[in-house]
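Peer 1: Input work_32.txt, format and content: compact mmCIF, C-alpha atoms.
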# COMPACT_ATOMS: atom_id res chain seq x y z
CA MET X 21 27.53 26.45 -11.44
CA ALA X 22 26.19 26.51 -14.96
CA GLN X 23 23.38 24.19 -15.94
CA ARG X 24 24.24 21.24 -18.11
CA ASN X 25 23.13 21.28 -21.73
CA LEU X 26 21.83 17.75 -21.90
CA THR X 27 20.93 15.78 -24.99
CA ILE X 28 17.43 14.35 -25.28
CA SER X 29 18.74 10.82 -24.71
CA GLY X 30 20.49 11.95 -21.52
CA ALA X 31 17.38 13.81 -20.37
CA MET X 32 15.20 10.75 -20.91
CA SER X 33 17.43 8.35 -19.01
CA GLU X 34 17.85 10.86 -16.17
CA ALA X 35 14.08 11.31 -15.90
CA ILE X 36 13.46 7.56 -15.75
CA ARG X 37 16.25 7.10 -13.20
CA GLN X 38 14.85 9.78 -10.89
CA GLU X 39 11.33 8.36 -11.07
CA MET X 40 12.67 4.84 -10.41
CA GLU X 41 14.50 6.18 -7.36
CA ALA X 42 11.35 7.91 -6.13
CA ASP X 43 8.85 5.13 -6.81
CA PRO X 44 9.61 1.38 -6.56
CA LYS X 45 6.61 0.65 -8.81
CA VAL X 46 8.39 2.16 -11.83
CA PHE X 47 10.28 -0.34 -13.99
CA VAL X 48 11.55 -0.61 -17.56
CA MET X 49 11.07 -3.29 -20.21
CA GLY X 50 12.07 -3.61 -23.83
CA GLU X 51 14.56 -4.87 -26.38
CA ASP X 52 18.15 -3.93 -25.47
CA VAL X 53 17.05 -1.49 -22.77
CA GLY X 54 19.24 -3.24 -20.18
CA ILE X 55 22.89 -4.00 -20.73
CA TYR X 56 23.00 -2.04 -24.00
CA GLY X 57 21.22 0.96 -22.49
CA GLY X 58 18.69 1.42 -25.27
CA ILE X 59 19.81 1.61 -28.88
CA PHE X 60 18.91 5.33 -28.87
CA GLY X 61 20.35 5.95 -25.42
CA SER X 62 17.04 6.35 -23.59
CA THR X 63 17.88 3.89 -20.80
CA THR X 64 21.65 4.37 -20.52
CA GLY X 65 22.97 3.51 -17.06
CA LEU X 66 19.67 2.23 -15.65
CA TYR X 67 20.60 -1.46 -15.70
CA GLN X 68 23.85 -0.74 -13.85
CA ARG X 69 21.96 1.36 -11.27
CA PHE X 70 18.86 -0.80 -10.69
CA GLY X 71 19.69 -4.31 -11.95
CA GLY X 72 17.89 -6.78 -14.18
CA GLU X 73 14.75 -7.08 -12.06
CA ARG X 74 13.70 -3.46 -12.70
CA VAL X 75 15.36 -2.99 -16.10
CA ARG X 76 14.29 -6.01 -18.08
CA ASP X 77 15.66 -7.01 -21.45
CA THR X 78 12.89 -8.75 -23.33
CA PRO X 79 12.82 -11.17 -26.23
CA ILE X 80 11.87 -9.78 -29.64
CA SER X 81 8.17 -10.13 -28.92
CA GLU X 82 6.47 -6.75 -28.76
CA THR X 83 3.05 -8.38 -28.51
CA GLY X 84 4.21 -10.22 -25.39
CA PHE X 85 6.02 -7.51 -23.45
CA ILE X 86 3.71 -4.62 -24.31
CA GLY X 87 0.75 -6.80 -23.36
CA ALA X 88 2.59 -7.62 -20.13
CA ALA X 89 3.12 -3.92 -19.49
CA VAL X 90 -0.61 -3.24 -19.81
CA GLY X 91 -1.30 -6.01 -17.30
CA ALA X 92 1.39 -4.77 -14.92
CA ALA X 93 0.00 -1.24 -15.11
CA MET X 94 -3.52 -2.45 -14.40
CA ALA X 95 -2.15 -4.39 -11.42
CA GLY X 96 -0.63 -1.26 -9.91
CA MET X 97 2.86 -1.01 -11.38
CA ARG X 98 4.13 1.89 -13.51
CA PRO X 99 5.93 0.29 -16.46
CA VAL X 100 8.01 2.20 -18.97
CA VAL X 101 8.27 0.05 -22.09
CA GLU X 102 10.23 0.75 -25.23
CA LEU X 103 9.02 -0.15 -28.69
CA MET X 104 12.43 0.05 -30.37
CA PHE X 105 11.14 1.54 -33.63
CA VAL X 106 7.59 2.83 -33.91
CA ASP X 107 7.45 1.05 -37.27
CA PHE X 108 7.24 -2.26 -35.36
CA PHE X 109 3.80 -1.31 -34.00
CA GLY X 110 2.18 -3.67 -36.46
CA VAL X 111 2.85 -6.79 -34.46
CA CYS X 112 1.61 -5.27 -31.18
CA MET X 113 -1.35 -3.14 -32.21
CA ASP X 114 -3.82 -5.19 -30.20
CA PRO X 115 -2.15 -4.51 -26.84
CA ILE X 116 -1.77 -0.85 -27.79
CA TYR X 117 -5.07 -0.07 -29.48
CA ASN X 118 -7.43 -2.51 -27.80
CA LEU X 119 -5.89 -2.99 -24.34
CA ALA X 120 -3.83 0.06 -23.32
CA ALA X 121 -6.04 2.61 -25.05
CA LYS X 122 -9.41 1.19 -24.04
CA ASN X 123 -9.19 -0.63 -20.71
CA ILE X 124 -9.75 2.45 -18.54
CA TYR X 125 -12.91 3.15 -20.52
CA PHE X 126 -14.03 -0.48 -20.45
CA ALA X 127 -13.60 -0.53 -16.67
CA GLY X 128 -15.64 2.62 -16.21
CA GLY X 129 -12.58 4.35 -14.82
CA ASN X 130 -12.20 1.78 -12.03
CA ILE X 131 -8.88 0.56 -13.40
CA ARG X 132 -5.93 2.74 -14.29
CA VAL X 133 -3.32 1.98 -16.96
CA PRO X 134 -0.32 4.08 -15.88
CA MET X 135 2.16 2.97 -18.52
CA VAL X 136 4.59 4.80 -20.76
CA LEU X 137 5.23 3.41 -24.22
CA MET X 138 8.32 5.18 -25.49
CA THR X 139 9.28 4.70 -29.09
CA ALA X 140 11.84 6.01 -31.57
CA VAL X 141 10.52 7.75 -34.67
CA GLY X 142 11.77 9.44 -37.79
CA GLY X 143 14.02 9.04 -40.77
CA GLY X 144 16.78 10.83 -42.60
CA TYR X 145 19.55 8.27 -42.15
CA SER X 146 18.78 5.65 -44.81
CA ASP X 147 17.27 2.97 -42.60
CA GLY X 148 14.50 1.94 -44.95
CA GLY X 149 10.73 2.18 -45.01
CA GLN X 150 10.13 0.02 -41.93
CA HIS X 151 12.60 1.92 -39.69
CA SER X 152 12.04 5.55 -40.67
CA GLN X 153 8.41 6.51 -40.14
CA THR X 154 7.06 8.87 -37.51
CA LEU X 155 3.43 7.63 -37.46
CA TYR X 156 2.35 10.36 -35.05
CA ALA X 157 -1.17 10.47 -36.42
CA THR X 158 -1.62 6.70 -36.20
CA PHE X 159 -1.50 6.95 -32.41
CA ALA X 160 -3.05 10.38 -31.96
CA HIS X 161 -6.06 9.19 -33.96
CA MET X 162 -7.04 6.49 -31.46
CA PRO X 163 -8.96 7.74 -28.41
CA GLY X 164 -7.46 6.65 -25.10
CA LEU X 165 -3.77 7.32 -25.63
CA LYS X 166 -1.93 10.47 -24.70
CA VAL X 167 0.72 11.25 -27.32
CA VAL X 168 3.73 13.45 -26.63
CA VAL X 169 6.64 14.48 -28.89
CA PRO X 170 9.54 16.33 -27.22
CA SER X 171 11.65 18.62 -29.39
CA ASN X 172 14.40 19.46 -26.89
CA ALA X 173 16.09 18.07 -23.80
CA TYR X 174 14.25 20.28 -21.29
CA ASP X 175 10.87 19.09 -22.56
CA ALA X 176 12.14 15.52 -22.89
CA LYS X 177 12.89 15.26 -19.18
CA GLY X 178 9.77 17.06 -17.95
CA MET X 179 7.48 15.19 -20.32
CA MET X 180 8.97 11.81 -19.38
CA ILE X 181 8.39 12.48 -15.68
CA ALA X 182 4.87 13.71 -16.40
CA ALA X 183 4.25 10.59 -18.49
CA ILE X 184 5.45 8.22 -15.76
CA ARG X 185 3.27 9.96 -13.15
CA ASP X 186 0.21 9.96 -15.42
CA ASP X 187 -2.46 7.34 -14.68
CA ASN X 188 -3.21 6.98 -18.39
CA PRO X 189 -1.19 5.27 -21.12
CA VAL X 190 1.20 7.74 -22.70
CA MET X 191 2.91 7.29 -26.08
CA TYR X 192 6.25 9.06 -25.75
CA MET X 193 7.54 9.48 -29.31
CA PHE X 194 11.16 10.65 -29.50
CA HIS X 195 12.88 11.49 -32.76
CA LYS X 196 16.12 9.62 -33.48
CA GLY X 197 17.52 12.72 -35.16
CA LEU X 198 17.26 14.72 -31.92
CA GLN X 199 18.88 12.24 -29.53
CA GLY X 200 22.45 13.54 -29.78
CA LEU X 201 23.85 10.13 -30.65
CA GLY X 202 26.70 11.08 -32.93
CA TRP X 203 25.95 8.53 -35.64
CA MET X 204 22.87 10.52 -36.57
CA ALA X 205 23.25 14.29 -36.86
CA SER X 206 21.24 16.17 -34.25
CA PRO X 207 20.54 19.92 -34.42
CA ALA X 208 22.35 21.88 -31.70
CA THR X 209 19.02 23.44 -30.71
CA ALA X 210 17.80 20.05 -29.39
CA GLN X 211 20.30 20.27 -26.55
CA ALA X 212 19.04 22.43 -23.70
CA PRO X 213 19.81 23.41 -20.12
CA VAL X 214 18.17 20.78 -17.91
CA PRO X 215 17.68 21.23 -14.16
CA ASP X 216 19.12 18.50 -11.94
CA GLU X 217 15.93 18.05 -9.96
CA ALA X 218 12.76 16.31 -11.14
CA TYR X 219 10.10 18.52 -12.76
CA THR X 220 7.16 18.04 -15.09
CA VAL X 221 6.16 19.69 -18.36
CA PRO X 222 2.36 19.78 -18.47
CA PHE X 223 0.62 18.09 -21.40
CA GLY X 224 -1.65 20.13 -23.67
CA LYS X 225 0.39 23.33 -23.82
CA CYS X 226 2.11 24.26 -27.05
CA GLU X 227 5.12 26.54 -26.90
CA VAL X 228 5.97 29.50 -29.10
CA ARG X 229 9.65 28.92 -29.96
CA ARG X 230 9.97 32.10 -31.98
CA GLN X 231 7.71 35.12 -31.97
CA GLY X 232 6.69 36.44 -35.37
CA ALA X 233 4.11 38.63 -37.03
CA ASP X 234 3.64 37.43 -40.62
CA VAL X 235 3.03 33.68 -40.62
CA THR X 236 2.60 30.90 -38.07
CA ILE X 237 4.58 27.72 -38.69
CA VAL X 238 3.21 24.89 -36.55
CA ALA X 239 5.62 21.98 -36.13
CA LEU X 240 6.58 19.11 -33.85
CA GLY X 241 9.65 17.05 -33.04
CA LEU X 242 12.50 17.46 -35.51
CA MET X 243 10.39 19.75 -37.71
CA VAL X 244 10.52 22.42 -34.99
CA HIS X 245 14.23 22.73 -35.69
CA ARG X 246 13.72 22.70 -39.45
CA ALA X 247 11.12 25.46 -38.98
CA LEU X 248 13.57 27.49 -36.91
CA GLU X 249 16.10 27.16 -39.75
CA ALA X 250 13.40 28.23 -42.19
CA ALA X 251 12.63 31.28 -40.04
CA VAL X 252 16.24 32.44 -40.41
CA LYS X 253 15.95 32.20 -44.21
CA LEU X 254 12.57 33.92 -44.18
CA GLU X 255 13.87 36.76 -42.05
CA LYS X 256 16.35 37.60 -44.83
CA GLU X 257 13.39 37.86 -47.19
CA GLY X 258 11.61 40.21 -44.81
CA ILE X 259 9.17 37.59 -43.52
CA ASP X 260 8.75 37.31 -39.77
CA ALA X 261 7.69 33.75 -38.89
CA GLU X 262 6.24 32.57 -35.60
CA ILE X 263 7.18 29.00 -34.70
CA VAL X 264 4.73 26.99 -32.61
CA ASP X 265 5.96 23.69 -31.14
CA LEU X 266 2.93 21.48 -30.49
CA ARG X 267 4.81 19.35 -27.92
CA THR X 268 1.78 17.13 -27.27
CA LEU X 269 -0.67 15.80 -29.86
CA VAL X 270 -3.08 14.37 -27.30
CA PRO X 271 -4.10 16.52 -25.57
CA LEU X 272 -3.76 19.10 -28.34
CA ASP X 273 -3.50 22.79 -27.49
CA ARG X 274 -6.04 24.00 -30.02
CA ASP X 275 -6.39 27.33 -28.22
CA GLY X 276 -2.67 27.97 -28.48
CA VAL X 277 -2.60 27.20 -32.20
CA PHE X 278 -5.63 29.37 -32.89
CA ARG X 279 -4.21 32.24 -30.85
CA SER X 280 -1.07 32.32 -32.98
CA VAL X 281 -2.87 32.07 -36.33
CA ALA X 282 -5.36 34.72 -35.25
CA LYS X 283 -2.35 36.99 -34.68
CA THR X 284 -0.44 36.28 -37.91
CA GLY X 285 -3.35 35.43 -40.22
CA ARG X 286 -1.32 32.82 -42.06
CA LEU X 287 -0.52 29.17 -41.40
CA VAL X 288 1.99 26.57 -42.55
CA VAL X 289 2.05 23.18 -40.82
CA ALA X 290 5.27 21.15 -40.95
CA ASP X 291 5.20 17.44 -40.13
CA GLU X 292 7.42 14.46 -40.95
CA ASP X 293 4.43 12.10 -40.88
CA TYR X 294 2.53 11.25 -44.07
CA VAL X 295 0.57 14.15 -45.46
CA SER X 296 -2.82 12.57 -46.04
CA TYR X 297 -5.22 12.17 -43.10
CA GLY X 298 -2.56 13.55 -40.79
CA ILE X 299 -1.55 16.09 -38.13
CA THR X 300 -1.24 18.84 -40.73
CA ALA X 301 -4.90 18.53 -41.73
CA GLU X 302 -5.99 18.38 -38.09
CA ILE X 303 -4.21 21.66 -37.30
CA ILE X 304 -5.67 23.43 -40.32
CA ALA X 305 -9.14 22.10 -39.50
CA THR X 306 -8.76 23.29 -35.91
CA VAL X 307 -8.33 26.87 -37.07
CA ALA X 308 -10.85 26.68 -39.92
CA GLU X 309 -13.60 25.26 -37.72
CA ARG X 310 -13.12 27.87 -35.03
CA ASP X 311 -13.05 30.90 -37.32
CA ALA X 312 -11.83 30.64 -40.91
CA ARG X 313 -12.03 34.42 -41.21
CA VAL X 314 -8.65 34.70 -39.48
CA PHE X 315 -6.99 33.31 -42.63
CA LYS X 316 -5.53 36.04 -44.84
CA ALA X 317 -4.34 33.30 -47.23
CA SER X 318 -4.95 29.60 -47.76
CA PRO X 319 -2.93 27.51 -45.30
CA ARG X 320 -0.30 25.05 -46.53
CA ARG X 321 0.97 21.65 -45.48
CA VAL X 322 4.60 20.55 -45.61
CA ALA X 323 4.71 16.85 -44.80
CA TYR X 324 5.95 13.51 -46.01
CA PRO X 325 4.56 12.51 -49.42
CA ASP X 326 2.23 9.51 -49.47
CA ILE X 327 4.92 7.03 -50.41
CA PRO X 328 6.90 4.38 -48.53
CA ILE X 329 10.15 5.91 -47.26
CA PRO X 330 13.02 5.16 -49.66
CA TYR X 331 16.24 3.52 -48.50
CA SER X 332 18.31 5.34 -51.11
CA ARG X 333 19.84 8.42 -49.52
CA PRO X 334 19.22 10.88 -52.37
CA MET X 335 15.65 9.64 -52.75
CA GLU X 336 14.92 9.83 -49.02
CA GLN X 337 16.49 13.27 -48.65
CA PHE X 338 14.45 14.48 -51.62
CA ALA X 339 11.21 13.30 -50.02
CA LEU X 340 11.84 14.58 -46.47
CA PRO X 341 10.35 17.92 -45.44
CA ASP X 342 13.19 20.36 -44.82
CA ALA X 343 13.86 24.00 -44.02
CA ASP X 344 13.79 25.04 -47.69
CA ARG X 345 10.40 23.50 -48.27
CA ILE X 346 8.98 25.06 -45.13
CA ALA X 347 10.42 28.44 -46.11
CA ASP X 348 9.00 28.11 -49.64
CA ALA X 349 5.55 27.31 -48.28
CA ALA X 350 5.68 30.22 -45.84
CA HIS X 351 6.86 32.52 -48.61
CA ALA X 352 3.99 31.41 -50.82
CA VAL X 353 1.45 31.93 -48.07
CA VAL X 354 2.75 35.41 -47.31
CA LYS X 355 3.59 36.64 -50.81
CA GLY X 356 1.05 34.59 -52.70
CA ARG X 357 3.50 32.92 -55.06
CA ARG X 358 6.42 30.47 -55.39
CA GLY X 359 6.69 26.86 -54.36
CA ALA X 360 4.14 24.09 -54.47
CA ALA X 361 3.12 22.34 -51.30
CA MET J 276 44.96 23.98 -15.47
CA SER J 277 44.36 20.26 -15.78
CA GLU J 278 43.82 18.33 -18.94
CA ILE J 279 40.61 16.58 -19.86
CA ARG J 280 42.09 13.45 -21.33
CA ILE J 281 40.37 10.41 -22.78
CA PRO J 282 41.51 7.55 -20.55
CA GLU J 283 43.87 4.94 -21.96
CA GLY J 284 42.11 1.63 -22.49
CA LEU J 285 38.66 3.20 -22.58
CA TRP J 286 37.77 1.00 -25.54
CA ASP J 287 39.31 -1.76 -27.61
CA THR J 288 41.27 0.13 -30.25
CA ASP J 289 42.08 -3.08 -32.11
CA ALA J 290 38.37 -3.40 -32.86
CA THR J 291 37.66 0.32 -33.35
CA PRO J 292 40.71 2.57 -33.71
CA GLU J 293 38.99 5.94 -33.35
CA GLY J 294 36.11 7.62 -31.65
CA VAL J 295 34.44 11.00 -32.12
CA VAL J 296 33.38 13.80 -29.78
CA VAL J 297 29.59 13.98 -30.04
CA THR J 298 28.50 16.25 -27.18
CA TRP J 299 29.80 18.95 -24.88
CA PHE J 300 27.41 19.40 -21.97
CA PHE J 301 28.66 22.85 -20.98
CA GLY J 302 29.61 25.87 -23.02
CA ASP J 303 33.23 26.93 -23.41
CA GLY J 304 34.22 29.14 -20.49
CA THR J 305 31.61 27.91 -18.01
CA ASP J 306 32.56 26.81 -14.51
CA VAL J 307 32.23 23.07 -13.89
CA GLN J 308 32.58 20.89 -10.83
CA ALA J 309 35.12 18.11 -10.35
CA GLY J 310 33.60 14.87 -11.64
CA ALA J 311 30.96 16.60 -13.76
CA VAL J 312 30.26 14.80 -17.01
CA VAL J 313 31.46 17.37 -19.51
CA ALA J 314 31.62 15.46 -22.79
CA GLU J 315 30.50 12.34 -24.55
CA ILE J 316 32.59 10.27 -26.97
CA MET J 317 31.01 7.89 -29.45
CA VAL J 318 32.86 4.77 -30.51
CA ALA J 319 30.98 2.67 -33.05
CA LYS J 320 27.51 2.89 -31.43
CA THR J 321 28.69 3.06 -27.83
CA GLN J 322 28.89 6.30 -25.86
CA TYR J 323 31.49 7.06 -23.22
CA GLN J 324 31.14 9.89 -20.74
CA ILE J 325 34.16 12.04 -19.96
CA GLU J 326 34.41 13.79 -16.60
CA ALA J 327 36.14 16.97 -15.48
CA PRO J 328 39.25 15.98 -13.45
CA THR J 329 39.01 19.09 -11.25
CA ALA J 330 36.70 22.05 -10.70
CA GLY J 331 37.21 25.20 -12.69
CA ARG J 332 36.62 26.96 -15.95
CA LEU J 333 36.07 24.70 -18.96
CA ARG J 334 38.14 25.20 -22.09
CA ILE J 335 36.95 23.14 -25.05
CA GLN J 336 39.81 22.15 -27.36
CA ALA J 337 38.20 19.35 -29.36
CA PRO J 338 34.84 20.55 -30.65
CA VAL J 339 31.99 18.25 -31.63
CA ASP J 340 32.92 15.92 -34.53
CA THR J 341 36.64 15.86 -33.62
CA VAL J 342 38.12 12.38 -34.12
CA VAL J 343 39.87 11.15 -30.97
CA VAL J 344 41.77 8.16 -29.57
CA PRO J 345 42.51 7.05 -26.00
CA GLY J 346 44.99 9.56 -24.58
CA SER J 347 43.67 12.49 -26.61
CA VAL J 348 43.37 15.77 -24.71
CA ILE J 349 40.00 17.27 -25.54
CA GLY J 350 40.00 20.25 -23.19
CA GLN J 351 41.27 21.89 -20.03
CA VAL J 352 39.76 22.76 -16.67
CA GLY J 353 41.22 25.39 -14.44
CA GLY J 354 41.85 28.99 -13.60
Produce structure tokens that represent the structure in this file.

Peer 2:
Amino acid sequence: MAQRNLTISGAMSEAIRQEMEADPKVFVMGEDVGIYGGIFGSTTGLYQRFGGERVRDTPISETGFIGAAVGAAMAGMRPVVELMFVDFFGVCMDPIYNLAAKNIYFAGGNIRVPMVLMTAVGGGYSDGGQHSQTLYATFAHMPGLKVVVPSNAYDAKGMMIAAIRDDNPVMYMFHKGLQGLGWMASPATAQAPVPDEAYTVPFGKCEVRRQGADVTIVALGLMVHRALEAAVKLEKEGIDAEIVDLRTLVPLDRDGVFRSVAKTGRLVVADEDYVSYGITAEIIATVAERDARVFKASPRRVAYPDIPIPYSRPMEQFALPDADRIADAAHAVVKGRRGAA
Amino acid sequence: MSEIRIPEGLWDTDATPEGVVVTWFFGDGTDVQAGAVVAEIMVAKTQYQIEAPTAGRLRIQAPVDTVVVPGSVIGQVGG
């Protein structure tokens, strides 16, 4: 029998279901994760399978239920909590930054915090500046959190299972535009064959999605798919792009990134997060610090401009990094002209 | 050959007349098992899973983005 091509939302809910079946300590909390099944489909079917004791709909109080998840994790449970939109982090930053991220350290390693904080990220569908951010760097910046960003359904399942089994707090940041939800267009390349059985995708290993010789395009989440589209355009111009999917930000596979850039000699980093003080700079610094002599040309960043995300569709679409902008940057890096970053 | 049909009464068509095919979980021409979830239909923001009625080779007739109603035949399974 052929393997199913699952969507990311289906892969996430299947992963959580299998871990809940295997381990009674795993439970789910969040807004609309129960009867509704998660507004982005990440917990579909779990309430019907496990009931309201293990799949708990919470009030709109992120401070309360994420704080409760940290406590439950420290007491030996393995909570999976959903922050509906990452943009809502503001009200619950103390439980995330000061409790989840630091308590293992504060306890000298004598207490574990095995929780998963899954959260929807990304824009492109006119949902306004407080529902459209990715904020990857905000969480990757703080020591103590693992941060993972699946780009396809195979990784989504394996990374969710790895996150649940991890004894550290894991931020699991899934892009709304990859979930396969119908009301928000999802690239076909986000769907992937997913094995029925449980498996893990190890953290800290980037993946080369496309081999190439002329320029490395490092990307994550939805931008992996935009970069793959860009590679098709670039190929017609005689430019052979290598696409590196970071997959996890913490831990970050610096060796894998360097290896690719050392091969191609050129680097473009594509990210939907804000450009300044972000992932793109971290990737470029990673290569430059190790050996800047590998650069045959100055690297370029393609990321979100330092502005609040517009609600207006034409304005938002104009600001979002896309395949054309990535291709222009790669073209400029390879040919030394065209396109501003 | 048996039809993959969207069940009558799957959703309240007075509230939402139409749905849309959002996902096929197997490629056209692959062999599927009876009861396998082969497709997903989105109605407003709710997803409904559609199963293969019998085992056999999948024929997709309503590709992604096709507008459907209860009773619509979206594919076939069979020899």

Peer 1: What are the closest atom pairs, with distances in Å to one decimal, for all residues of chain X lying within 8 Å of chain J? Consider only C-alpha atoms, order rows by chain and residue number, and present the result as a tab-separated table.

Peer 2:
residue	atom	partner	partner_atom	distance
X:Met21	CA	J:Asp306	CA	5.9
X:Ala22	CA	J:Thr305	CA	6.4
X:Gln23	CA	J:Phe301	CA	7.4
X:Arg24	CA	J:Phe300	CA	5.3
X:Asn25	CA	J:Phe300	CA	4.7
X:Leu26	CA	J:Phe300	CA	5.8
X:Thr27	CA	J:Thr298	CA	7.9
X:Gly200	CA	J:Thr298	CA	7.1
X:Leu201	CA	J:Val297	CA	6.9
X:Gly202	CA	J:Val297	CA	5.0
X:Trp203	CA	J:Lys320	CA	7.2

Peer 1: With all atoms listed in the file as the basis for distance, which of X:Ser152, X:Thr268, X:Asn130, X:Ser62 is at the shortest distance from Leu240 (chain X)?

Peer 2: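 Among X:Ser152, X:Thr268, X:Asn130, X:Ser62, it is X:Thr268 that comes nearest to Leu240 (chain X).
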
Peer 1: To one decimal place in Å, what is the distance between CA of Asp187 (chain X) and CA of Val90 (chain X)?

Peer 2: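 Computing it gives 11.9 Å between the two atoms.
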
Peer 1: Select, from X:Ile131, X:Ala250, X:Ile299, X:Leu137, the residue with the minimum atom-to-atom distance to Val100 (chain X), counting all atoms listed in the file.

Peer 2: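 The closest residue to Val100 (chain X) is X:Leu137.
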
Peer 1: Taking (43.2, 20.4, -24.2) in the coordinates of the supplied file, I want to know which residues reach to within 7 Å of it, counting all atoms listed in the file; could you give the answer as a VMD selection string?

Peer 2: chain J and resid 278 to 279 335 to 336 348 to 351

Peer 1: Calculated over all atoms listed in the file, which of the candidates X:Glu292, X:Asp186, X:Glu309, X:Glu82 has the smallest distance to Glu102 (chain X)?

Peer 2: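 Distance minimum relative to Glu102 (chain X) lands on X:Glu82.
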
Peer 1: Write out as a list in words each polymer residue whose atoms come within 7 Å of Ala140 (chain X), counting only C-alpha atoms; drop sequence neighbours fewer than 6 positions from it.

Peer 2: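 These residues fall inside the cut-off: Met104, Phe105, Val106, Met193, Phe194, His195 and Lys196 of chain X.
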
Peer 1: List the neighbours of Ala95 (chain X) out to 12 Å using all atoms listed in the file; skip same-chain residues closer than 2 positions along the sequence, and give me the result as a PyMOL selection string.

Peer 2: chain X and resi 45+88-93+97-99+130-135

Peer 1: Is it possible to add all heavy atoms to region 233-238 of chain X and hand it back as a PDB file, in the coordinates of the input?

Peer 2:
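Result file is part.pdb:
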ATOM      1  N   ALA X 233       5.314  37.863 -36.728  1.00  0.00           N
ATOM      2  CA  ALA X 233       4.110  38.630 -37.030  1.00  0.00           C
ATOM      3  C   ALA X 233       3.427  38.215 -38.332  1.00  0.00           C
ATOM      4  O   ALA X 233       2.236  38.455 -38.506  1.00  0.00           O
ATOM      5  CB  ALA X 233       4.461  40.121 -37.111  1.00  0.00           C
ATOM      6  N   ASP X 234       4.163  37.591 -39.262  1.00  0.00           N
ATOM      7  CA  ASP X 234       3.640  37.430 -40.620  1.00  0.00           C
ATOM      8  C   ASP X 234       3.010  36.078 -40.906  1.00  0.00           C
ATOM      9  O   ASP X 234       2.087  35.971 -41.710  1.00  0.00           O
ATOM     10  CB  ASP X 234       4.769  37.652 -41.643  1.00  0.00           C
ATOM     11  CG  ASP X 234       5.345  39.055 -41.565  1.00  0.00           C
ATOM     12  OD1 ASP X 234       4.580  39.979 -41.219  1.00  0.00           O
ATOM     13  OD2 ASP X 234       6.541  39.216 -41.827  1.00  0.00           O
ATOM     14  N   VAL X 235       3.528  35.034 -40.317  1.00  0.00           N
ATOM     15  CA  VAL X 235       3.030  33.680 -40.620  1.00  0.00           C
ATOM     16  C   VAL X 235       3.335  32.770 -39.441  1.00  0.00           C
ATOM     17  O   VAL X 235       4.397  32.872 -38.814  1.00  0.00           O
ATOM     18  CB  VAL X 235       3.666  33.118 -41.923  1.00  0.00           C
ATOM     19  CG1 VAL X 235       5.183  33.129 -41.855  1.00  0.00           C
ATOM     20  CG2 VAL X 235       3.146  31.717 -42.248  1.00  0.00           C
ATOM     21  N   THR X 236       2.391  31.901 -39.111  1.00  0.00           N
ATOM     22  CA  THR X 236       2.600  30.900 -38.070  1.00  0.00           C
ATOM     23  C   THR X 236       3.060  29.597 -38.727  1.00  0.00           C
ATOM     24  O   THR X 236       2.422  29.137 -39.677  1.00  0.00           O
ATOM     25  CB  THR X 236       1.297  30.629 -37.301  1.00  0.00           C
ATOM     26  OG1 THR X 236       0.912  31.832 -36.629  1.00  0.00           O
ATOM     27  CG2 THR X 236       1.469  29.510 -36.292  1.00  0.00           C
ATOM     28  N   ILE X 237       4.163  29.051 -38.253  1.00  0.00           N
ATOM     29  CA  ILE X 237       4.580  27.720 -38.690  1.00  0.00           C
ATOM     30  C   ILE X 237       4.409  26.788 -37.486  1.00  0.00           C
ATOM     31  O   ILE X 237       5.093  26.924 -36.479  1.00  0.00           O
ATOM     32  CB  ILE X 237       6.041  27.695 -39.176  1.00  0.00           C
ATOM     33  CG1 ILE X 237       6.236  28.699 -40.326  1.00  0.00           C
ATOM     34  CG2 ILE X 237       6.425  26.287 -39.626  1.00  0.00           C
ATOM     35  CD1 ILE X 237       7.690  28.848 -40.793  1.00  0.00           C
ATOM     36  N   VAL X 238       3.441  25.877 -37.606  1.00  0.00           N
ATOM     37  CA  VAL X 238       3.210  24.890 -36.550  1.00  0.00           C
ATOM     38  C   VAL X 238       4.026  23.646 -36.885  1.00  0.00           C
ATOM     39  O   VAL X 238       4.026  23.178 -38.027  1.00  0.00           O
ATOM     40  CB  VAL X 238       1.714  24.532 -36.459  1.00  0.00           C
ATOM     41  CG1 VAL X 238       1.492  23.366 -35.488  1.00  0.00           C
ATOM     42  CG2 VAL X 238       0.904  25.746 -36.004  1.00  0.00           C
TER      43      VAL X 238
END
